[in-house]
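Visitor: File follows, target_39.cif with mmCIF, C-alpha atoms and all ligand atoms:
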data_my_file
#
loop_
_atom_site.label_atom_id
_atom_site.label_comp_id
_atom_site.auth_asym_id
_atom_site.auth_seq_id
_atom_site.Cartn_x
_atom_site.Cartn_y
_atom_site.Cartn_z
CA MET A 1 -9.34 19.95 6.34
CA GLU A 2 -9.74 20.92 9.95
CA GLU A 3 -13.08 20.00 11.47
CA ILE A 4 -15.24 22.85 12.72
CA LEU A 5 -16.15 22.17 16.34
CA ARG A 6 -18.93 23.61 18.44
CA ALA A 7 -17.89 25.99 21.22
CA GLU A 8 -16.92 24.31 24.51
CA LYS A 9 -19.79 26.03 26.29
CA LEU A 10 -22.24 23.98 24.21
CA LYS A 11 -20.74 20.70 25.42
CA TYR A 12 -23.61 19.92 27.79
CA VAL A 13 -26.39 21.71 25.94
CA HIS A 14 -29.15 19.36 24.83
CA SER A 15 -32.74 19.95 23.82
CA ASP A 16 -34.23 16.47 23.67
CA ILE A 17 -37.73 17.74 22.93
CA ARG A 18 -36.38 18.43 19.45
CA GLY A 19 -33.39 16.09 19.60
CA PRO A 20 -32.55 12.62 18.24
CA ILE A 21 -35.93 11.04 19.13
CA PHE A 22 -37.68 13.87 17.32
CA GLU A 23 -35.39 13.41 14.31
CA GLU A 24 -36.18 9.71 14.28
CA SER A 25 -39.90 10.53 14.29
CA ASN A 26 -39.27 12.80 11.29
CA ARG A 27 -37.56 9.95 9.45
CA MET A 28 -40.48 7.66 10.25
CA ARG A 29 -42.99 10.22 9.02
CA ALA A 30 -41.00 10.72 5.81
CA ALA A 31 -41.21 6.94 5.32
CA GLY A 32 -45.01 7.19 5.52
CA ILE A 33 -45.47 6.08 9.16
CA ASP A 34 -48.10 7.97 11.11
CA VAL A 35 -46.34 9.02 14.34
CA LEU A 36 -48.19 10.61 17.24
CA ARG A 37 -45.78 13.14 18.71
CA LEU A 38 -46.20 13.91 22.40
CA ASN A 39 -42.97 15.87 22.64
CA THR A 40 -43.80 19.59 22.74
CA GLY A 41 -46.36 21.66 24.57
CA ASN A 42 -47.59 23.20 21.35
CA PRO A 43 -51.42 23.27 21.53
CA ALA A 44 -52.03 24.71 18.04
CA THR A 45 -50.63 21.52 16.48
CA PHE A 46 -53.42 19.56 18.17
CA GLY A 47 -56.31 21.63 16.85
CA PHE A 48 -56.53 24.21 19.65
CA GLY A 49 -57.55 27.53 18.08
CA ILE A 50 -56.38 31.06 18.83
CA PRO A 51 -58.99 32.87 20.98
CA ALA A 52 -61.08 35.40 19.07
CA SER A 53 -59.85 38.15 21.42
CA VAL A 54 -56.28 37.61 20.25
CA LYS A 55 -57.12 37.23 16.59
CA ASN A 56 -59.20 40.43 16.53
CA ALA A 57 -56.53 42.43 18.35
CA LEU A 58 -53.97 41.25 15.85
CA LEU A 59 -56.03 42.17 12.82
CA GLU A 60 -57.19 45.50 14.22
CA ASN A 61 -53.72 46.68 15.19
CA VAL A 62 -51.56 45.30 12.45
CA ASP A 63 -50.72 48.74 11.03
CA LYS A 64 -49.24 49.89 14.34
CA ALA A 65 -46.46 47.36 14.40
CA ALA A 66 -44.26 48.18 11.46
CA ALA A 67 -41.58 50.10 13.34
CA TYR A 68 -39.01 48.97 15.91
CA CYS A 69 -40.47 49.79 19.29
CA ASP A 70 -39.08 50.50 22.76
CA LEU A 71 -36.39 47.97 23.70
CA ARG A 72 -38.39 46.96 26.78
CA GLY A 73 -41.65 46.72 24.83
CA MET A 74 -44.60 48.86 23.76
CA PRO A 75 -46.12 51.03 26.53
CA ALA A 76 -49.67 49.64 26.18
CA ALA A 77 -48.41 46.07 26.37
CA ARG A 78 -46.26 46.79 29.42
CA GLU A 79 -49.16 48.59 31.10
CA ALA A 80 -51.32 45.46 30.68
CA ILE A 81 -48.52 43.23 32.01
CA TYR A 82 -47.98 45.58 34.94
CA ARG A 83 -51.67 45.45 35.86
CA TYR A 84 -51.69 41.67 35.59
CA HIS A 85 -48.79 41.28 38.01
CA LEU A 86 -50.16 43.94 40.32
CA GLY A 87 -53.18 41.64 40.58
CA LYS A 88 -50.79 38.87 41.57
CA LYS A 89 -49.38 41.09 44.32
CA LEU A 90 -45.87 41.53 42.98
CA PRO A 91 -44.27 44.15 45.24
CA ASN A 92 -42.57 47.34 44.09
CA ILE A 93 -43.15 47.09 40.34
CA ASN A 94 -43.69 49.59 37.55
CA ASN A 95 -43.71 49.57 33.76
CA GLU A 96 -39.98 50.17 33.54
CA ASP A 97 -39.36 46.82 35.27
CA ILE A 98 -40.85 44.86 32.39
CA PHE A 99 -38.98 43.46 29.40
CA ILE A 100 -41.03 41.90 26.61
CA GLY A 101 -39.26 39.26 24.57
CA ASN A 102 -39.62 36.87 21.66
CA GLY A 103 -40.96 34.23 24.02
CA VAL A 104 -39.82 33.48 27.55
CA SER A 105 -37.03 31.52 25.86
CA GLU A 106 -35.21 34.64 24.66
CA LEU A 107 -35.55 36.32 28.05
CA VAL A 108 -34.16 33.38 30.00
CA THR A 109 -31.04 33.46 27.87
CA MET A 110 -30.76 37.20 28.40
CA ALA A 111 -31.39 36.98 32.15
CA LEU A 112 -28.64 34.41 32.68
CA THR A 113 -26.18 35.89 30.19
CA ALA A 114 -26.42 39.20 32.02
CA LEU A 115 -25.87 37.56 35.41
CA LEU A 116 -23.43 34.69 35.40
CA ASN A 117 -19.65 34.81 35.36
CA ALA A 118 -17.59 31.68 34.73
CA GLY A 119 -18.17 29.26 37.60
CA ASP A 120 -21.16 31.08 39.10
CA GLU A 121 -23.82 28.63 40.20
CA ILE A 122 -27.58 28.74 39.81
CA LEU A 123 -29.92 26.31 41.55
CA ILE A 124 -32.27 24.72 39.01
CA PRO A 125 -34.95 22.09 39.66
CA SER A 126 -34.61 18.49 38.58
CA PRO A 127 -36.63 17.61 36.63
CA ASP A 128 -36.43 20.93 34.79
CA TYR A 129 -37.53 22.52 31.57
CA SER A 130 -34.14 22.24 29.89
CA LEU A 131 -34.12 25.79 28.53
CA TRP A 132 -32.90 26.93 31.94
CA THR A 133 -30.05 24.46 32.31
CA ASN A 134 -28.96 25.07 28.74
CA SER A 135 -29.05 28.83 29.17
CA ALA A 136 -26.95 28.58 32.33
CA TYR A 137 -24.27 26.66 30.43
CA ILE A 138 -24.35 29.07 27.50
CA ALA A 139 -23.95 31.96 29.93
CA GLY A 140 -20.80 30.27 31.24
CA GLY A 141 -22.37 29.39 34.58
CA VAL A 142 -22.90 26.13 36.40
CA PRO A 143 -26.44 24.74 36.75
CA VAL A 144 -26.73 22.90 40.06
CA HIS A 145 -29.82 20.72 40.19
CA TYR A 146 -31.95 20.37 43.30
CA ILE A 147 -34.47 17.57 43.56
CA CYS A 148 -38.20 17.95 43.34
CA ASP A 149 -39.68 15.16 45.41
CA GLU A 150 -42.25 12.89 43.78
CA GLN A 151 -43.25 11.57 47.21
CA SER A 152 -44.29 15.13 48.16
CA ASN A 153 -46.34 16.03 45.08
CA TRP A 154 -43.15 16.93 43.24
CA TYR A 155 -42.52 19.94 45.52
CA PRO A 156 -38.93 21.19 45.79
CA ASP A 157 -36.95 19.28 48.41
CA ILE A 158 -35.95 22.07 50.81
CA ALA A 159 -33.19 20.05 52.52
CA ASP A 160 -31.69 19.19 49.13
CA ILE A 161 -31.72 22.87 48.12
CA ARG A 162 -29.93 23.80 51.34
CA SER A 163 -27.32 21.08 50.86
CA LYS A 164 -26.44 22.40 47.39
CA ILE A 165 -25.73 26.02 48.28
CA THR A 166 -22.08 27.04 48.01
CA SER A 167 -20.18 30.31 48.09
CA ARG A 168 -20.66 30.45 44.28
CA THR A 169 -24.47 30.16 44.37
CA LYS A 170 -25.92 33.33 42.90
CA ALA A 171 -29.53 32.52 42.16
CA ILE A 172 -32.35 30.04 42.57
CA LEU A 173 -34.97 29.17 39.99
CA ILE A 174 -38.39 27.68 40.50
CA ILE A 175 -40.75 26.66 37.70
CA ASN A 176 -44.24 27.06 39.14
CA PRO A 177 -46.55 25.65 37.84
CA ASN A 178 -44.00 23.13 36.78
CA ASN A 179 -43.01 21.63 33.49
CA PRO A 180 -42.64 18.60 33.32
CA THR A 181 -44.49 17.60 36.54
CA GLY A 182 -47.56 19.85 36.40
CA ALA A 183 -47.16 20.61 40.12
CA VAL A 184 -48.33 23.88 41.69
CA TYR A 185 -46.44 24.89 44.83
CA PRO A 186 -48.36 25.92 47.96
CA LYS A 187 -47.54 29.09 49.84
CA GLU A 188 -45.75 27.23 52.68
CA VAL A 189 -43.28 25.70 50.23
CA LEU A 190 -42.73 29.03 48.50
CA GLN A 191 -42.16 30.67 51.87
CA GLN A 192 -39.37 28.21 52.65
CA ILE A 193 -37.72 28.93 49.30
CA ALA A 194 -37.99 32.66 49.96
CA ASP A 195 -36.38 32.10 53.39
CA ILE A 196 -33.43 30.27 51.85
CA ALA A 197 -32.98 33.00 49.22
CA ARG A 198 -33.03 35.59 52.01
CA GLU A 199 -30.54 33.72 54.18
CA HIS A 200 -28.08 33.30 51.32
CA ASP A 201 -28.73 36.52 49.47
CA LEU A 202 -29.83 34.77 46.28
CA ILE A 203 -31.51 36.27 43.25
CA VAL A 204 -34.91 34.66 42.72
CA PHE A 205 -36.09 33.57 39.29
CA SER A 206 -39.64 32.26 38.95
CA ASP A 207 -40.88 30.86 35.65
CA GLU A 208 -44.67 31.14 35.83
CA ILE A 209 -45.65 30.68 32.20
CA TYR A 210 -48.37 28.18 33.23
CA ASP A 211 -49.97 30.29 35.98
CA ARG A 212 -53.20 30.74 33.99
CA LEU A 213 -53.46 27.00 33.28
CA ILE A 214 -54.41 25.62 36.69
CA MET A 215 -57.12 23.05 37.43
CA ASP A 216 -59.10 21.70 40.37
CA GLY A 217 -59.52 25.10 42.04
CA VAL A 218 -55.86 25.21 43.15
CA GLU A 219 -54.54 28.72 43.92
CA HIS A 220 -51.33 30.06 42.43
CA THR A 221 -49.05 32.33 44.41
CA SER A 222 -46.22 34.21 42.73
CA LEU A 223 -43.00 33.62 44.63
CA ALA A 224 -42.19 37.31 44.16
CA GLU A 225 -45.15 38.24 46.36
CA LEU A 226 -43.29 36.67 49.29
CA CYS A 227 -39.98 38.35 48.44
CA PRO A 228 -40.46 42.13 48.72
CA ASP A 229 -36.94 42.46 50.16
CA LEU A 230 -35.23 40.31 47.51
CA PHE A 231 -34.32 40.84 43.88
CA CYS A 232 -36.88 38.79 41.92
CA VAL A 233 -37.49 38.17 38.26
CA THR A 234 -40.80 36.57 37.23
CA PHE A 235 -41.28 35.12 33.74
CA ASN A 236 -44.57 34.71 31.94
CA GLY A 237 -45.99 34.73 28.42
CA LEU A 238 -48.88 34.00 26.11
CA SER A 239 -47.59 30.89 24.31
CA LYS A 240 -49.60 28.35 26.27
CA SER A 241 -52.51 30.25 27.83
CA HIS A 242 -53.52 31.80 24.51
CA ILE A 243 -52.38 29.08 22.08
CA VAL A 244 -49.82 31.32 20.36
CA CYS A 245 -46.51 29.47 20.80
CA GLY A 246 -45.52 30.47 17.28
CA PHE A 247 -46.12 34.17 17.94
CA ARG A 248 -43.12 34.22 20.34
CA CYS A 249 -44.48 36.47 23.04
CA GLY A 250 -43.23 36.49 26.63
CA TRP A 251 -42.05 38.89 29.30
CA MET A 252 -40.09 39.19 32.52
CA ILE A 253 -40.82 41.54 35.37
CA ILE A 254 -38.41 42.61 38.07
CA SER A 255 -39.78 43.17 41.56
CA GLY A 256 -38.80 43.60 45.21
CA ASN A 257 -35.44 45.07 46.09
CA LYS A 258 -34.55 46.49 42.69
CA GLU A 259 -32.00 48.95 44.09
CA LYS A 260 -29.43 46.22 44.64
CA GLY A 261 -29.72 45.06 41.01
CA LYS A 262 -29.15 48.38 39.25
CA ASP A 263 -26.05 47.24 37.45
CA TYR A 264 -27.57 43.90 36.49
CA ILE A 265 -30.59 45.74 35.06
CA ALA A 266 -28.21 47.93 33.03
CA GLY A 267 -26.79 44.66 31.66
CA LEU A 268 -30.29 43.49 30.73
CA VAL A 269 -30.93 46.79 28.98
CA ALA A 270 -27.69 46.40 27.01
CA LEU A 271 -28.76 42.92 25.84
CA ALA A 272 -32.30 44.05 25.05
CA ALA A 273 -30.90 46.97 23.05
CA MET A 274 -28.71 44.62 21.00
CA ARG A 275 -31.78 42.88 19.63
CA LEU A 276 -33.49 46.27 19.14
CA CYS A 277 -36.93 45.11 20.29
CA SER A 278 -39.11 42.04 20.39
CA ASN A 279 -41.71 41.28 17.73
CA ALA A 280 -43.97 44.35 17.85
CA LEU A 281 -46.97 42.70 16.20
CA MET A 282 -47.31 40.23 19.04
CA GLN A 283 -47.05 42.90 21.70
CA LEU A 284 -50.22 44.45 20.32
CA VAL A 285 -52.28 41.45 21.40
CA ILE A 286 -51.06 41.41 25.01
CA PRO A 287 -53.72 43.79 26.43
CA ALA A 288 -56.57 41.87 24.76
CA ALA A 289 -55.13 38.49 25.75
CA LEU A 290 -54.63 39.40 29.41
CA ALA A 291 -58.16 40.78 29.52
CA ASP A 292 -59.45 37.44 28.24
CA ASN A 293 -59.02 34.85 30.95
CA GLU A 294 -62.28 33.23 29.95
CA SER A 295 -61.04 31.39 26.86
CA THR A 296 -58.21 29.82 28.90
CA GLN A 297 -60.51 28.90 31.79
CA GLN A 298 -62.93 27.09 29.49
CA MET A 299 -60.25 24.53 28.69
CA LEU A 300 -59.56 23.74 32.36
CA VAL A 301 -62.96 22.81 33.78
CA PRO A 302 -64.95 19.59 33.32
CA GLY A 303 -65.98 19.44 29.68
CA GLY A 304 -62.97 21.56 28.63
CA ARG A 305 -60.28 19.99 26.49
CA LEU A 306 -57.32 20.19 28.85
CA TYR A 307 -59.32 18.85 31.76
CA GLU A 308 -60.86 15.98 29.81
CA GLN A 309 -57.55 15.07 28.19
CA ARG A 310 -55.87 14.83 31.57
CA GLU A 311 -58.70 12.67 32.89
CA ALA A 312 -58.57 10.35 29.88
CA CYS A 313 -54.79 10.01 30.05
CA CYS A 314 -54.74 9.26 33.78
CA LYS A 315 -57.58 6.78 33.48
CA ALA A 316 -55.73 4.85 30.79
CA LEU A 317 -52.47 4.94 32.77
CA ASP A 318 -54.25 3.52 35.82
CA HIS A 319 -54.60 0.24 33.93
CA ILE A 320 -50.90 -0.14 33.22
CA GLU A 321 -48.93 -2.33 35.59
CA GLY A 322 -45.52 -0.89 36.39
CA ILE A 323 -46.47 2.78 35.95
CA SER A 324 -47.30 5.26 38.69
CA TYR A 325 -47.75 9.00 38.53
CA VAL A 326 -48.67 12.13 40.46
CA LYS A 327 -51.67 13.74 38.79
CA ASN A 328 -50.83 17.19 37.48
CA LYS A 329 -52.67 20.22 38.82
CA ALA A 330 -51.67 22.51 36.00
CA ALA A 331 -50.44 22.73 32.42
CA PHE A 332 -50.73 19.65 30.19
CA TYR A 333 -47.81 17.50 31.24
CA LEU A 334 -47.50 14.32 33.23
CA PHE A 335 -44.20 12.85 34.41
CA PRO A 336 -44.97 9.18 35.17
CA LYS A 337 -42.63 6.74 36.85
CA LEU A 338 -41.63 3.39 35.37
CA ASP A 339 -40.94 0.38 37.53
CA VAL A 340 -37.42 -0.01 36.13
CA LYS A 341 -36.81 -3.32 37.88
CA ARG A 342 -39.86 -4.87 36.32
CA PHE A 343 -38.92 -3.70 32.82
CA ASN A 344 -35.17 -3.94 33.38
CA ILE A 345 -34.82 -0.36 32.13
CA THR A 346 -31.34 1.12 32.48
CA ASN A 347 -31.52 3.55 29.56
CA ASP A 348 -34.55 5.80 29.31
CA LYS A 349 -33.68 7.04 25.80
CA GLN A 350 -33.67 3.45 24.60
CA PHE A 351 -37.09 2.97 26.17
CA ALA A 352 -38.41 6.02 24.28
CA PHE A 353 -36.92 4.81 20.97
CA ASP A 354 -38.34 1.31 21.46
CA TYR A 355 -41.85 2.61 22.21
CA LEU A 356 -41.63 4.96 19.21
CA HIS A 357 -40.54 2.17 16.86
CA GLU A 358 -43.08 -0.34 18.08
CA LYS A 359 -46.16 1.83 18.68
CA HIS A 360 -45.37 4.99 16.70
CA VAL A 361 -45.87 7.26 19.70
CA MET A 362 -43.19 9.71 20.74
CA ILE A 363 -42.58 10.67 24.36
CA ILE A 364 -39.52 12.34 25.92
CA PRO A 365 -37.51 10.41 28.51
CA GLY A 366 -36.75 11.94 31.91
CA SER A 367 -33.10 12.54 31.00
CA GLY A 368 -34.39 15.22 28.61
CA PHE A 369 -35.45 17.10 31.74
CA ASN A 370 -32.16 16.63 33.57
CA TRP A 371 -33.61 13.84 35.68
CA ALA A 372 -30.75 11.58 36.72
CA GLN A 373 -32.52 8.20 36.96
CA PRO A 374 -33.80 6.28 33.91
CA ASP A 375 -37.23 5.86 35.49
CA HIS A 376 -39.43 8.68 34.21
CA PHE A 377 -40.80 10.11 31.00
CA ARG A 378 -43.02 13.04 30.05
CA ILE A 379 -46.36 12.84 28.31
CA VAL A 380 -47.78 15.92 26.58
CA MET A 381 -51.53 15.57 27.06
CA LEU A 382 -52.64 17.67 24.11
CA PRO A 383 -54.37 15.23 21.73
CA GLU A 384 -58.12 14.69 22.07
CA PRO A 385 -59.13 12.21 24.80
CA ALA A 386 -59.78 9.29 22.41
CA GLU A 387 -56.36 9.62 20.76
CA LEU A 388 -54.59 9.95 24.10
CA THR A 389 -56.40 6.87 25.38
CA ARG A 390 -55.28 4.94 22.29
CA ALA A 391 -51.67 6.05 22.83
CA MET A 392 -51.71 5.06 26.51
CA ASN A 393 -53.35 1.73 25.74
CA ALA A 394 -50.60 1.17 23.19
CA LEU A 395 -48.07 1.96 25.93
CA GLY A 396 -49.69 -0.64 28.19
CA ASP A 397 -49.58 -3.17 25.42
CA PHE A 398 -45.93 -2.35 24.69
CA LEU A 399 -44.92 -2.60 28.34
CA SER A 400 -46.73 -5.89 28.87
CA THR A 401 -43.86 -7.67 27.13
CA TYR A 402 -41.07 -5.06 27.25
CA ARG A 403 -37.81 -5.97 28.94
CA GLN A 404 -34.75 -3.90 28.15
CA ASN A 405 -31.53 -5.81 27.65
C1 LIG B 501 -41.48 26.20 31.85
C2 LIG B 501 -41.35 26.85 30.52
N1 LIG B 501 -40.72 28.03 30.42
C3 LIG B 501 -40.57 28.64 29.25
C4 LIG B 501 -41.03 28.08 28.07
C5 LIG B 501 -40.79 28.78 26.78
O1 LIG B 501 -41.90 29.48 26.38
P1 LIG B 501 -41.91 30.55 25.20
O2 LIG B 501 -42.78 29.98 24.13
O3 LIG B 501 -42.51 31.78 25.80
O4 LIG B 501 -40.52 30.76 24.74
C6 LIG B 501 -41.68 26.84 28.11
C7 LIG B 501 -42.14 26.18 26.89
O5 LIG B 501 -42.58 25.05 26.87
C8 LIG B 501 -41.84 26.21 29.38
O6 LIG B 501 -42.46 25.02 29.49
#
Would you write the structure of this file as structure tokens?
Guide:
Amino acid sequence: MEEILRAEKLKYVHSDIRGPIFEESNRMRAAGIDVLRLNTGNPATFGFGIPASVKNALLENVDKAAAYCDLRGMPAAREAIYRYHLGKKLPNINNEDIFIGNGVSELVTMALTALLNAGDEILIPSPDYSLWTNSAYIAGGVPVHYICDEQSNWYPDIADIRSKITSRTKAILIINPNNPTGAVYPKEVLQQIADIAREHDLIVFSDEIYDRLIMDGVEHTSLAELCPDLFCVTFNGLSKSHIVCGFRCGWMIISGNKEKGKDYIAGLVALAAMRLCSNALMQLVIPAALADNESTQQMLVPGGRLYEQREACCKALDHIEGISYVKNKAAFYLFPKLDVKRFNITNDKQFAFDYLHEKHVMIIPGSGFNWAQPDHFRIVMLPEPAELTRAMNALGDFLSTYRQN
């Protein structure tokens, strides 16, 4: 019997958030062990509720969603998205430039499938949210990782980006606010990225799914605002800001110099048409959700869950020798650094497995985010403060004797 093999293009595809460590946590749970899973940014699994605005819109409009809708998305939903991005100063946009998808995930795959030929390169941050790297491989392209610099608040390293541009580089991606670092990029940094894209005629992708989840009064600028002369695609969605990851509701919006991307847009339309439309029921809640910034904001200020969870997590980490971190300004992720010499860590996956087995807490090692050194891991700060503190104290206890061999 001949073995059935996966396609070559899947050779480097890995989704560690739901990979072997996750499977091990499933086995442990099946054996009756209570595992705290800090692997996915999935707020509803930690007791965050859907805002009333979203729930009401869903119930009130349910009868309007039975049919396939426009391949780009329902007009009312696109109008709300258009107005939102107009508020963020995206240049040269209209409703026709918006594609609604079953989550940002589906749209990233479409955006790269429509763009990349074999060997075409796209600049992707390291650490990244692995969806992007995986989608580049599946599209037949080559993800080329540029470094985000922990010494500079995890901002993209401009010199590193420049050094990685070749004649095959077609596009550059930023994730801002970032997963897994929680960084928010200032205008000066974005301006430098726009300058590079301009110099090298690159398409600009900006994943901004966390732009409504910012703390400490930090301002968010959409990269597209600074690129009126470039072809830009901005990604956003409701999964995180409105606690509806399971609804699968995201969008992308094309801005700037759209003329030069006419053929690419026709490719996007062809892909969008293949899947007929995205989930219509979820599109019906977009206007109500985007009108309700309040329920998201409440989580981000002192007394709000996301704010207090971050504070509790950082406070507990401060007591652990051999761990350092840059405090996140957005989202609910932290990407701490391990003193690998002290713990003799050479394999970050092993570290994650060992912590899971000993303390029953699951984190994802840096390699799951295409980070090349074995010295980082990501914490999802979604449990209540007391539970997070317990998990971090357990980490401190674990590390007090841990030495990898
Ligand atoms: C940076 C980033 N982009 C995209 C996504 C995917 O979001 P969606 O639920 O809209 O598919 C995530 C999910 O965690 C993410 O962190």
Visitor: Find the residues around Leu276 (chain A) up to 9 Å (all atoms listed in the file counted), leave out those fewer than 2 positions away in its own chain, and share them as a ChimeraX atom specification.
Guide: /A:68-71,271-274,278
Visitor: List the spatial neighbours of Ile243 (chain A) as a list in words - criterion: any atom at most 8 Å away, all atoms listed in the file, same-chain residues fewer than 5 positions off excluded.
Guide: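 Residues meeting the cut-off are Asn42, Pro43, Ala44, Phe48, Gly49, Ile50, Pro51 and Leu238 of chain A.
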Visitor: One decimal, in Å: what's the spacing between CA of Gln192 (chain A) and CA of Ile161 (chain A)?
Guide: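 Computed distance, CA of Gln192 (chain A) to CA of Ile161 (chain A), equals 10.4 Å.
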Visitor: Residues near region 125-131 of chain A, anyone? I mean within 10 Å using only C-alpha atoms, not counting same-chain ones fewer than 6 positions away, as a ChimeraX atom specification.
Guide: /A:13-17,104-106,108-109,143-149,154-157,161,172-175,178-181,207,335,366-372,376
Visitor: Restricted to C-alpha atoms, what would the selected residues look like written as a short mmCIF file (atom, residue, chain, number, x, y, z; two decimals), keeping the file's coordinate frame?
Guide:
data_model
loop_
_atom_site.label_atom_id
_atom_site.label_comp_id
_atom_site.auth_asym_id
_atom_site.auth_seq_id
_atom_site.Cartn_x
_atom_site.Cartn_y
_atom_site.Cartn_z
CA VAL A 13 -26.39 21.71 25.94
CA HIS A 14 -29.15 19.36 24.83
CA SER A 15 -32.74 19.95 23.82
CA ASP A 16 -34.23 16.47 23.67
CA ILE A 17 -37.73 17.74 22.93
CA VAL A 104 -39.82 33.48 27.55
CA SER A 105 -37.03 31.52 25.86
CA GLU A 106 -35.21 34.64 24.66
CA VAL A 108 -34.16 33.38 30.00
CA THR A 109 -31.04 33.46 27.87
CA PRO A 143 -26.44 24.74 36.75
CA VAL A 144 -26.73 22.90 40.06
CA HIS A 145 -29.82 20.72 40.19
CA TYR A 146 -31.95 20.37 43.30
CA ILE A 147 -34.47 17.57 43.56
CA CYS A 148 -38.20 17.95 43.34
CA ASP A 149 -39.68 15.16 45.41
CA TRP A 154 -43.15 16.93 43.24
CA TYR A 155 -42.52 19.94 45.52
CA PRO A 156 -38.93 21.19 45.79
CA ASP A 157 -36.95 19.28 48.41
CA ILE A 161 -31.72 22.87 48.12
CA ILE A 172 -32.35 30.04 42.57
CA LEU A 173 -34.97 29.17 39.99
CA ILE A 174 -38.39 27.68 40.50
CA ILE A 175 -40.75 26.66 37.70
CA ASN A 178 -44.00 23.13 36.78
CA ASN A 179 -43.01 21.63 33.49
CA PRO A 180 -42.64 18.60 33.32
CA THR A 181 -44.49 17.60 36.54
CA ASP A 207 -40.88 30.86 35.65
CA PHE A 335 -44.20 12.85 34.41
CA GLY A 366 -36.75 11.94 31.91
CA SER A 367 -33.10 12.54 31.00
CA GLY A 368 -34.39 15.22 28.61
CA PHE A 369 -35.45 17.10 31.74
CA ASN A 370 -32.16 16.63 33.57
CA TRP A 371 -33.61 13.84 35.68
CA ALA A 372 -30.75 11.58 36.72
CA HIS A 376 -39.43 8.68 34.21
#
Visitor: Between A:Asn134, A:Asn102, A:Ser324, A:Asn293, single out the one closest to ligand LIG 501 (chain B), counting only C-alpha atoms and all ligand atoms.
Guide: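 Going through A:Asn134, A:Asn102, A:Ser324, A:Asn293 one by one, the smallest distance to ligand LIG 501 (chain B) is for A:Asn102.
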Visitor: List the neighbours of Met110 (chain A) out to 12 Å using all atoms listed in the file; skip same-chain residues closer than 3 positions along the sequence, and give me the result as a PyMOL selection string.
Guide: chain A and resi 99-107+113-116+131-132+135-136+138-139+233+235+251-252+264-275
Visitor: Could you check the closest approach to ligand LIG 501 (chain B) for each of A:Met362, A:Leu306, A:Cys249, A:Leu395 and tell me which residue wins, using only C-alpha atoms and all ligand atoms?
Guide: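 For ligand LIG 501 (chain B), the nearest of the given residues is A:Cys249.
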Visitor: So, with all atoms listed in the file as the atoms that count, which of A:Leu36, A:Val340, A:Ala171, A:Ile193 lies closest to Leu123 (chain A)?
Guide: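 Distance minimum relative to Leu123 (chain A) lands on A:Ala171.
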Visitor: Choose the residue, out of A:Pro186, A:Gly87, A:Gly119, A:Gly237, that has the smallest atom-to-atom separation from ligand LIG 501 (chain B); count all atoms listed in the file.
Guide: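 Once distances to ligand LIG 501 (chain B) are computed over all atoms listed in the file, the minimum belongs to A:Gly237.
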